[in-house]
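> Have a peek at work.pdb (PDB, C-alpha atoms).
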ATOM      1  CA  MET A   1      30.337  -7.909   3.338
ATOM      2  CA  LEU A   2      26.534  -7.744   3.054
ATOM      3  CA  ALA A   3      25.947  -9.360   6.474
ATOM      4  CA  ASP A   4      27.954  -6.577   8.124
ATOM      5  CA  LEU A   5      25.939  -3.894   6.331
ATOM      6  CA  VAL A   6      22.663  -5.541   7.381
ATOM      7  CA  ARG A   7      23.830  -5.618  11.017
ATOM      8  CA  ALA A   8      24.906  -1.961  10.790
ATOM      9  CA  SER A   9      21.648  -0.895   9.155
ATOM     10  CA  ARG A  10      19.552  -0.416  12.289
ATOM     11  CA  SER A  11      16.761   2.017  13.122
ATOM     12  CA  PHE A  12      18.660   4.907  14.681
ATOM     13  CA  ARG A  13      16.753   7.568  16.590
ATOM     14  CA  SER A  14      19.579   9.853  17.734
ATOM     15  CA  PHE A  15      22.007  11.715  15.484
ATOM     16  CA  ASP A  16      25.124  13.868  15.709
ATOM     17  CA  ARG A  17      23.888  17.280  14.549
ATOM     18  CA  ARG A  18      27.464  18.547  14.156
ATOM     19  CA  ARG A  19      27.807  16.286  11.121
ATOM     20  CA  PRO A  20      25.508  17.345   8.275
ATOM     21  CA  VAL A  21      24.394  15.177   5.377
ATOM     22  CA  SER A  22      24.645  16.794   1.966
ATOM     23  CA  ARG A  23      22.128  16.772  -0.843
ATOM     24  CA  GLU A  24      24.787  15.015  -2.942
ATOM     25  CA  GLU A  25      24.956  12.178  -0.407
ATOM     26  CA  LEU A  26      21.172  11.794  -0.571
ATOM     27  CA  LEU A  27      21.283  11.797  -4.369
ATOM     28  CA  GLU A  28      23.883   8.996  -4.261
ATOM     29  CA  LEU A  29      21.517   6.955  -2.092
ATOM     30  CA  ILE A  30      18.583   7.686  -4.395
ATOM     31  CA  ALA A  31      20.735   6.574  -7.340
ATOM     32  CA  LEU A  32      21.081   3.179  -5.592
ATOM     33  CA  ALA A  33      17.330   2.928  -4.978
ATOM     34  CA  ARG A  34      16.698   3.772  -8.640
ATOM     35  CA  LEU A  35      18.348   0.478  -9.575
ATOM     36  CA  CYS A  36      16.071  -1.646  -7.371
ATOM     37  CA  PRO A  37      13.575  -4.152  -8.743
ATOM     38  CA  SER A  38      10.070  -2.787  -9.237
ATOM     39  CA  ALA A  39       6.751  -4.612  -9.628
ATOM     40  CA  GLY A  40       6.253  -5.047 -13.365
ATOM     41  CA  ASN A  41       9.184  -2.625 -13.733
ATOM     42  CA  ARG A  42       6.587   0.149 -13.381
ATOM     43  CA  GLN A  43       8.952   2.287 -11.251
ATOM     44  CA  PHE A  44       6.206   3.964  -9.201
ATOM     45  CA  LEU A  45       8.494   5.688  -6.723
ATOM     46  CA  ARG A  46       9.792   9.241  -6.608
ATOM     47  CA  TYR A  47      12.109  10.707  -3.982
ATOM     48  CA  ALA A  48      12.141  14.084  -2.240
ATOM     49  CA  PRO A  49      15.520  14.739  -0.571
ATOM     50  CA  VAL A  50      15.487  17.131   2.401
ATOM     51  CA  THR A  51      18.699  18.709   3.734
ATOM     52  CA  GLU A  52      17.765  22.340   4.411
ATOM     53  CA  ALA A  53      17.543  22.816   8.201
ATOM     54  CA  ALA A  54      14.169  24.599   8.368
ATOM     55  CA  GLU A  55      12.608  22.080   6.011
ATOM     56  CA  ALA A  56      14.048  19.173   8.036
ATOM     57  CA  GLU A  57      12.577  20.647  11.229
ATOM     58  CA  HIS A  58       9.192  20.909   9.536
ATOM     59  CA  VAL A  59       9.362  17.280   8.401
ATOM     60  CA  LEU A  60      10.378  16.207  11.919
ATOM     61  CA  ALA A  61       7.347  17.961  13.406
ATOM     62  CA  LEU A  62       5.094  15.892  11.128
ATOM     63  CA  THR A  63       6.517  12.499  12.170
ATOM     64  CA  LYS A  64       6.014  10.159  15.123
ATOM     65  CA  TRP A  65       8.911   8.041  16.379
ATOM     66  CA  ALA A  66       9.406   4.876  18.475
ATOM     67  CA  GLY A  67       5.819   3.891  19.157
ATOM     68  CA  ALA A  68       6.971   1.125  21.521
ATOM     69  CA  LEU A  69       8.560   3.712  23.828
ATOM     70  CA  PRO A  70       5.733   6.233  24.402
ATOM     71  CA  GLN A  71       7.313   7.529  27.633
ATOM     72  CA  ARG A  72      10.362   8.759  25.707
ATOM     73  CA  HIS A  73      10.760  11.597  23.208
ATOM     74  CA  PHE A  74      12.583  10.697  20.011
ATOM     75  CA  PRO A  75      14.763  11.947  18.618
ATOM     76  CA  PRO A  76      16.233  13.516  21.760
ATOM     77  CA  CYS A  77      16.399  17.310  21.684
ATOM     78  CA  GLY A  78      19.582  18.352  19.891
ATOM     79  CA  HIS A  79      19.967  14.942  18.242
ATOM     80  CA  GLU A  80      17.518  15.282  15.363
ATOM     81  CA  PRO A  81      18.326  13.888  11.918
ATOM     82  CA  PRO A  82      19.790  16.501   9.584
ATOM     83  CA  ALA A  83      18.321  14.919   6.448
ATOM     84  CA  TYR A  84      15.381  12.961   5.104
ATOM     85  CA  ILE A  85      14.336  11.208   1.955
ATOM     86  CA  VAL A  86      10.586  11.177   1.507
ATOM     87  CA  ILE A  87       9.579   8.270  -0.705
ATOM     88  CA  CYS A  88       6.511   9.049  -2.783
ATOM     89  CA  HIS A  89       4.188   7.088  -5.044
ATOM     90  CA  ASP A  90       3.600   8.697  -8.455
ATOM     91  CA  THR A  91      -0.146   8.436  -9.106
ATOM     92  CA  GLU A  92       0.382   9.165 -12.794
ATOM     93  CA  VAL A  93       2.168   5.805 -13.056
ATOM     94  CA  SER A  94      -0.602   4.074 -11.079
ATOM     95  CA  ALA A  95      -3.601   5.574  -9.300
ATOM     96  CA  ASN A  96      -3.393   2.666  -6.822
ATOM     97  CA  VAL A  97      -0.965   3.882  -4.152
ATOM     98  CA  GLY A  98      -0.835   0.366  -2.688
ATOM     99  CA  ALA A  99       0.641  -0.955  -5.938
ATOM    100  CA  SER A 100       4.087   0.264  -4.871
ATOM    101  CA  ALA A 101       4.035  -1.299  -1.373
ATOM    102  CA  HIS A 102       6.685  -3.912  -2.168
ATOM    103  CA  ASP A 103       8.791  -1.406  -4.064
ATOM    104  CA  VAL A 104       8.800   0.948  -1.061
ATOM    105  CA  GLY A 105      10.278  -1.697   1.241
ATOM    106  CA  ILE A 106      12.936  -2.692  -1.263
ATOM    107  CA  ALA A 107      13.889   0.934  -1.949
ATOM    108  CA  ALA A 108      13.950   1.935   1.730
ATOM    109  CA  GLN A 109      16.145  -1.010   2.717
ATOM    110  CA  THR A 110      18.488  -0.194  -0.166
ATOM    111  CA  LEU A 111      18.689   3.432   0.997
ATOM    112  CA  LEU A 112      19.566   2.301   4.520
ATOM    113  CA  LEU A 113      22.138  -0.256   3.367
ATOM    114  CA  GLY A 114      23.756   2.425   1.218
ATOM    115  CA  ALA A 115      23.695   4.781   4.199
ATOM    116  CA  ALA A 116      25.355   2.163   6.424
ATOM    117  CA  GLU A 117      28.070   1.664   3.817
ATOM    118  CA  ARG A 118      28.790   5.406   4.036
ATOM    119  CA  GLY A 119      28.832   5.522   7.860
ATOM    120  CA  LEU A 120      25.346   6.990   8.039
ATOM    121  CA  GLY A 121      22.299   5.613   9.765
ATOM    122  CA  GLY A 122      18.618   6.130   9.469
ATOM    123  CA  CYS A 123      15.125   5.258  10.479
ATOM    124  CA  MET A 124      12.124   4.328   8.356
ATOM    125  CA  ILE A 125       9.122   6.300   9.578
ATOM    126  CA  GLY A 126       5.671   5.138   8.565
ATOM    127  CA  SER A 127       3.794   7.229  11.103
ATOM    128  CA  PHE A 128       3.597  10.736   9.698
ATOM    129  CA  ASP A 129       1.148  13.369   8.468
ATOM    130  CA  ARG A 130       1.051  12.613   4.738
ATOM    131  CA  ASP A 131      -0.830  15.743   3.744
ATOM    132  CA  GLY A 132       1.375  17.871   5.987
ATOM    133  CA  ILE A 133       4.559  16.435   4.466
ATOM    134  CA  ALA A 134       3.246  16.983   0.932
ATOM    135  CA  GLU A 135       2.381  20.573   1.803
ATOM    136  CA  ALA A 136       5.651  21.254   3.662
ATOM    137  CA  LEU A 137       7.677  20.065   0.670
ATOM    138  CA  SER A 138       5.375  21.682  -1.917
ATOM    139  CA  LEU A 139       4.858  18.350  -3.649
ATOM    140  CA  PRO A 140       2.564  18.321  -6.674
ATOM    141  CA  PRO A 141      -0.653  16.338  -5.953
ATOM    142  CA  ARG A 142       0.455  13.423  -8.141
ATOM    143  CA  TYR A 143       3.160  12.496  -5.577
ATOM    144  CA  VAL A 144       1.796  10.785  -2.460
ATOM    145  CA  PRO A 145       4.279  10.400   0.432
ATOM    146  CA  VAL A 146       4.376   6.735   1.509
ATOM    147  CA  LEU A 147       7.462   6.557   3.742
ATOM    148  CA  VAL A 148       9.867   8.985   5.387
ATOM    149  CA  VAL A 149      13.493   7.910   5.829
ATOM    150  CA  ALA A 150      15.440   9.965   8.376
ATOM    151  CA  LEU A 151      19.207  10.046   7.840
ATOM    152  CA  GLY A 152      22.281  11.243   9.671
ATOM    153  CA  HIS A 153      25.382  10.196  11.583
ATOM    154  CA  PRO A 154      24.112   8.011  14.454
ATOM    155  CA  ASP A 155      25.250   8.865  17.963
ATOM    156  CA  GLU A 156      23.663   5.991  19.832
ATOM    157  CA  THR A 157      24.304   2.300  20.372
ATOM    158  CA  VAL A 158      21.875  -0.289  19.038
ATOM    159  CA  VAL A 159      22.279  -3.926  20.077
ATOM    160  CA  LEU A 160      20.684  -6.929  18.388
ATOM    161  CA  GLU A 161      19.806  -9.847  20.662
ATOM    162  CA  ASN A 162      17.746 -13.015  20.588
ATOM    163  CA  ALA A 163      14.127 -12.424  21.556
ATOM    164  CA  PRO A 164      13.466 -13.968  24.969
ATOM    165  CA  ASP A 165      10.353 -16.159  24.797
ATOM    166  CA  GLY A 166       9.238 -14.437  21.593
ATOM    167  CA  ALA A 167       9.134 -10.937  23.164
ATOM    168  CA  VAL A 168      10.152  -8.660  20.281
ATOM    169  CA  THR A 169       9.421  -5.197  21.708
ATOM    170  CA  TYR A 170      12.542  -3.033  21.543
ATOM    171  CA  TYR A 171      13.642  -1.224  24.693
ATOM    172  CA  ARG A 172      16.239   1.082  26.235
ATOM    173  CA  ASP A 173      18.385   0.023  29.189
ATOM    174  CA  ALA A 174      19.633   2.217  32.054
ATOM    175  CA  ALA A 175      22.647   3.266  29.946
ATOM    176  CA  ASP A 176      20.265   4.348  27.134
ATOM    177  CA  VAL A 177      21.450   1.518  24.861
ATOM    178  CA  HIS A 178      18.725   0.541  22.406
ATOM    179  CA  HIS A 179      18.044  -3.223  22.391
ATOM    180  CA  VAL A 180      16.329  -4.903  19.439
ATOM    181  CA  PRO A 181      15.155  -8.472  20.128
ATOM    182  CA  LYS A 182      15.127 -10.691  17.040
ATOM    183  CA  ARG A 183      13.347 -14.017  16.712
ATOM    184  CA  THR A 184      15.709 -16.993  16.564
ATOM    185  CA  MET A 185      16.392 -18.995  13.416
ATOM    186  CA  GLU A 186      14.535 -21.916  15.011
ATOM    187  CA  GLU A 187      11.401 -19.763  15.177
ATOM    188  CA  LEU A 188      11.747 -18.429  11.647
ATOM    189  CA  VAL A 189      12.551 -21.539   9.620
ATOM    190  CA  ILE A 190       9.329 -23.534   9.344
ATOM    191  CA  ARG A 191      10.574 -26.534   7.337
TER     192      ARG A 191
END
Would you mind writing the file's structure down as structure tokens?


Amino acid sequence: MLADLVRASRSFRSFDRRRPVSREELLELIALARLCPSAGNRQFLRYAPVTEAAEAEHVLALTKWAGALPQRHFPPCGHEPPAYIVICHDTEVSANVGASAHDVGIAAQTLLLGAAERGLGGCMIGSFDRDGIAEALSLPPRYVPVLVVALGHPDETVVLENAPDGAVTYYRDAADVHHVPKRTMEELVIR
């Protein structure tokens, strides 16, 4: 059921490194994203799958995680994601990188829903060194990285809860459970 997949599709920041993710699994997820709607059906996006360990470590070093928890290091040492999909904008389709902004969100959510269906989890990472990622992956200049999606087998618990008094900042409790406050339906529905 779609509602179950949406609930399972959280931002995970800790992964079981004993369980790799194959290039084939990433290609299956990309095949789902390929089917997504695209503004004007322009299909701006291109995908760079990353599964090789050294390359994944390089990508990790160029990302910043969990900005709301600056006192913590994510992912925890030894719990790094084994795979990534770097979503890129193809400037030969459109020189305006912002033209694919809606497409990126649709594609990334589709990747994560597909991952959840397969027992995987991930995290969309918008804070990263774009030039460094392009260089690390030897991307031709026409492909501009716009989002990094980390993927793996989650080894943490994420709990959704109603946002108390509109406070939506996620947090970790003493048991290291990740809590994600969500605004209530009463706050969201405006008429």

> Measure the distance from CA of Val180 in chain A to CA of Ala163 in chain A in Å and round it to one decimal.

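A separation of 8.1 Å between them.
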
> Applied to the shown file, which residues does the PyMOL selection byres ((chain A and resi 11) around 7) return, written as an mmCIF file with C-alpha atoms, in the coordinates of the input?


data_model
loop_
_atom_site.group_PDB
_atom_site.id
_atom_site.type_symbol
_atom_site.label_atom_id
_atom_site.label_comp_id
_atom_site.auth_asym_id
_atom_site.auth_seq_id
_atom_site.Cartn_x
_atom_site.Cartn_y
_atom_site.Cartn_z
ATOM 1 C CA SER A 9 21.648 -0.895 9.155
ATOM 2 C CA ARG A 10 19.552 -0.416 12.289
ATOM 3 C CA PHE A 12 18.660 4.907 14.681
ATOM 4 C CA ARG A 13 16.753 7.568 16.590
ATOM 5 C CA GLY A 122 18.618 6.130 9.469
ATOM 6 C CA CYS A 123 15.125 5.258 10.479
#

> What does the distance from CA of Leu69 in chain A to CA of Lys182 in chain A come to in Å, to one decimal?

17.2 Å

> Running the PyMOL selection byres ((chain A and resi 93) around 12) on this model by hand, what would come out? Give it as a list in words.

Ala39, Gly40, Asn41, Arg42, Gln43, Phe44, Leu45, Arg46, Cys88, His89, Asp90, Thr91, Glu92, Ser94, Ala95, Asn96, Val97, Ala99, Ser100, Arg142, Tyr143 and Val144 of chain A

> Kindly give the distance, in Å, that separates CA of Leu60 in chain A and CA of Ile87 in chain A, rounded to a single decimal.

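According to the coordinates, CA of Leu60 in chain A and CA of Ile87 in chain A are separated by 14.9 Å.
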
> Which residues are near Ala136 in chain A? Cut-off 8 Å, all atoms listed in the file, ignore same chain within fewer than 3 positions. Put them as a ChimeraX atom specification.

/A:55,58-59,132-133,139

> Looking at all atoms listed in the file, which of A:Pro81, A:Gly98, A:Pro75, A:Gly114 is the one that sits closest to Glu28 in chain A?

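Looking only at the distances to Glu28 in chain A, the closest residue turns out to be A:Gly114.
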
> Tell me, as a list in words, which residues lie within 9 Å of Leu29 in chain A, counting all atoms listed in the file; anything in the same chain fewer than 5 positions away does not count.

Glu24, Arg34, Thr110, Leu111, Leu112, Gly114 and Ala115 of chain A

> If the PyMOL selection byres ((chain A and resi 64) around 12) were run on this exact file, what residues would it hold? Put them as a list of chain:residue names.

A:Arg13, A:Val59, A:Leu60, A:Ala61, A:Leu62, A:Thr63, A:Trp65, A:Ala66, A:Gly67, A:Ala68, A:Leu69, A:Pro70, A:Arg72, A:His73, A:Phe74, A:Pro75, A:Cys123, A:Met124, A:Ile125, A:Gly126, A:Ser127, A:Phe128, A:Asp129, A:Arg130, A:Val148, A:Ala150

> Since we have the selection now, will you write its residues out, keeping C-alpha atoms, as a PDB file, in the coordinates of the input?


ATOM      1  CA  ARG A  13      16.753   7.568  16.590  1.00  0.00           C
ATOM      2  CA  VAL A  59       9.362  17.280   8.401  1.00  0.00           C
ATOM      3  CA  LEU A  60      10.378  16.207  11.919  1.00  0.00           C
ATOM      4  CA  ALA A  61       7.347  17.961  13.406  1.00  0.00           C
ATOM      5  CA  LEU A  62       5.094  15.892  11.128  1.00  0.00           C
ATOM      6  CA  THR A  63       6.517  12.499  12.170  1.00  0.00           C
ATOM      7  CA  TRP A  65       8.911   8.041  16.379  1.00  0.00           C
ATOM      8  CA  ALA A  66       9.406   4.876  18.475  1.00  0.00           C
ATOM      9  CA  GLY A  67       5.819   3.891  19.157  1.00  0.00           C
ATOM     10  CA  ALA A  68       6.971   1.125  21.521  1.00  0.00           C
ATOM     11  CA  LEU A  69       8.560   3.712  23.828  1.00  0.00           C
ATOM     12  CA  PRO A  70       5.733   6.233  24.402  1.00  0.00           C
ATOM     13  CA  ARG A  72      10.362   8.759  25.707  1.00  0.00           C
ATOM     14  CA  HIS A  73      10.760  11.597  23.208  1.00  0.00           C
ATOM     15  CA  PHE A  74      12.583  10.697  20.011  1.00  0.00           C
ATOM     16  CA  PRO A  75      14.763  11.947  18.618  1.00  0.00           C
ATOM     17  CA  CYS A 123      15.125   5.258  10.479  1.00  0.00           C
ATOM     18  CA  MET A 124      12.124   4.328   8.356  1.00  0.00           C
ATOM     19  CA  ILE A 125       9.122   6.300   9.578  1.00  0.00           C
ATOM     20  CA  GLY A 126       5.671   5.138   8.565  1.00  0.00           C
ATOM     21  CA  SER A 127       3.794   7.229  11.103  1.00  0.00           C
ATOM     22  CA  PHE A 128       3.597  10.736   9.698  1.00  0.00           C
ATOM     23  CA  ASP A 129       1.148  13.369   8.468  1.00  0.00           C
ATOM     24  CA  ARG A 130       1.051  12.613   4.738  1.00  0.00           C
ATOM     25  CA  VAL A 148       9.867   8.985   5.387  1.00  0.00           C
ATOM     26  CA  ALA A 150      15.440   9.965   8.376  1.00  0.00           C
TER      27      ALA A 150
END

> So, with all atoms listed in the file as the atoms that count, which of A:Arg191, A:Thr169, A:Ile106, A:Gly78 lies closest to Asp155 in chain A?

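With all atoms listed in the file as the atom set, the closest residue is A:Gly78.
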
> Counting only C-alpha atoms, which of A:Val149, A:Leu160, A:Leu27, A:Ala107 gets nearest to Val86 in chain A?

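Nearest to Val86 in chain A: A:Val149.
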
> Counting all atoms listed in the file, find residues at most 6 Å from (21.9, 12.9, 14.9) (file frame) and give them as an NGL selection string.

:A and (14-17 or 79-81 or 152-154)
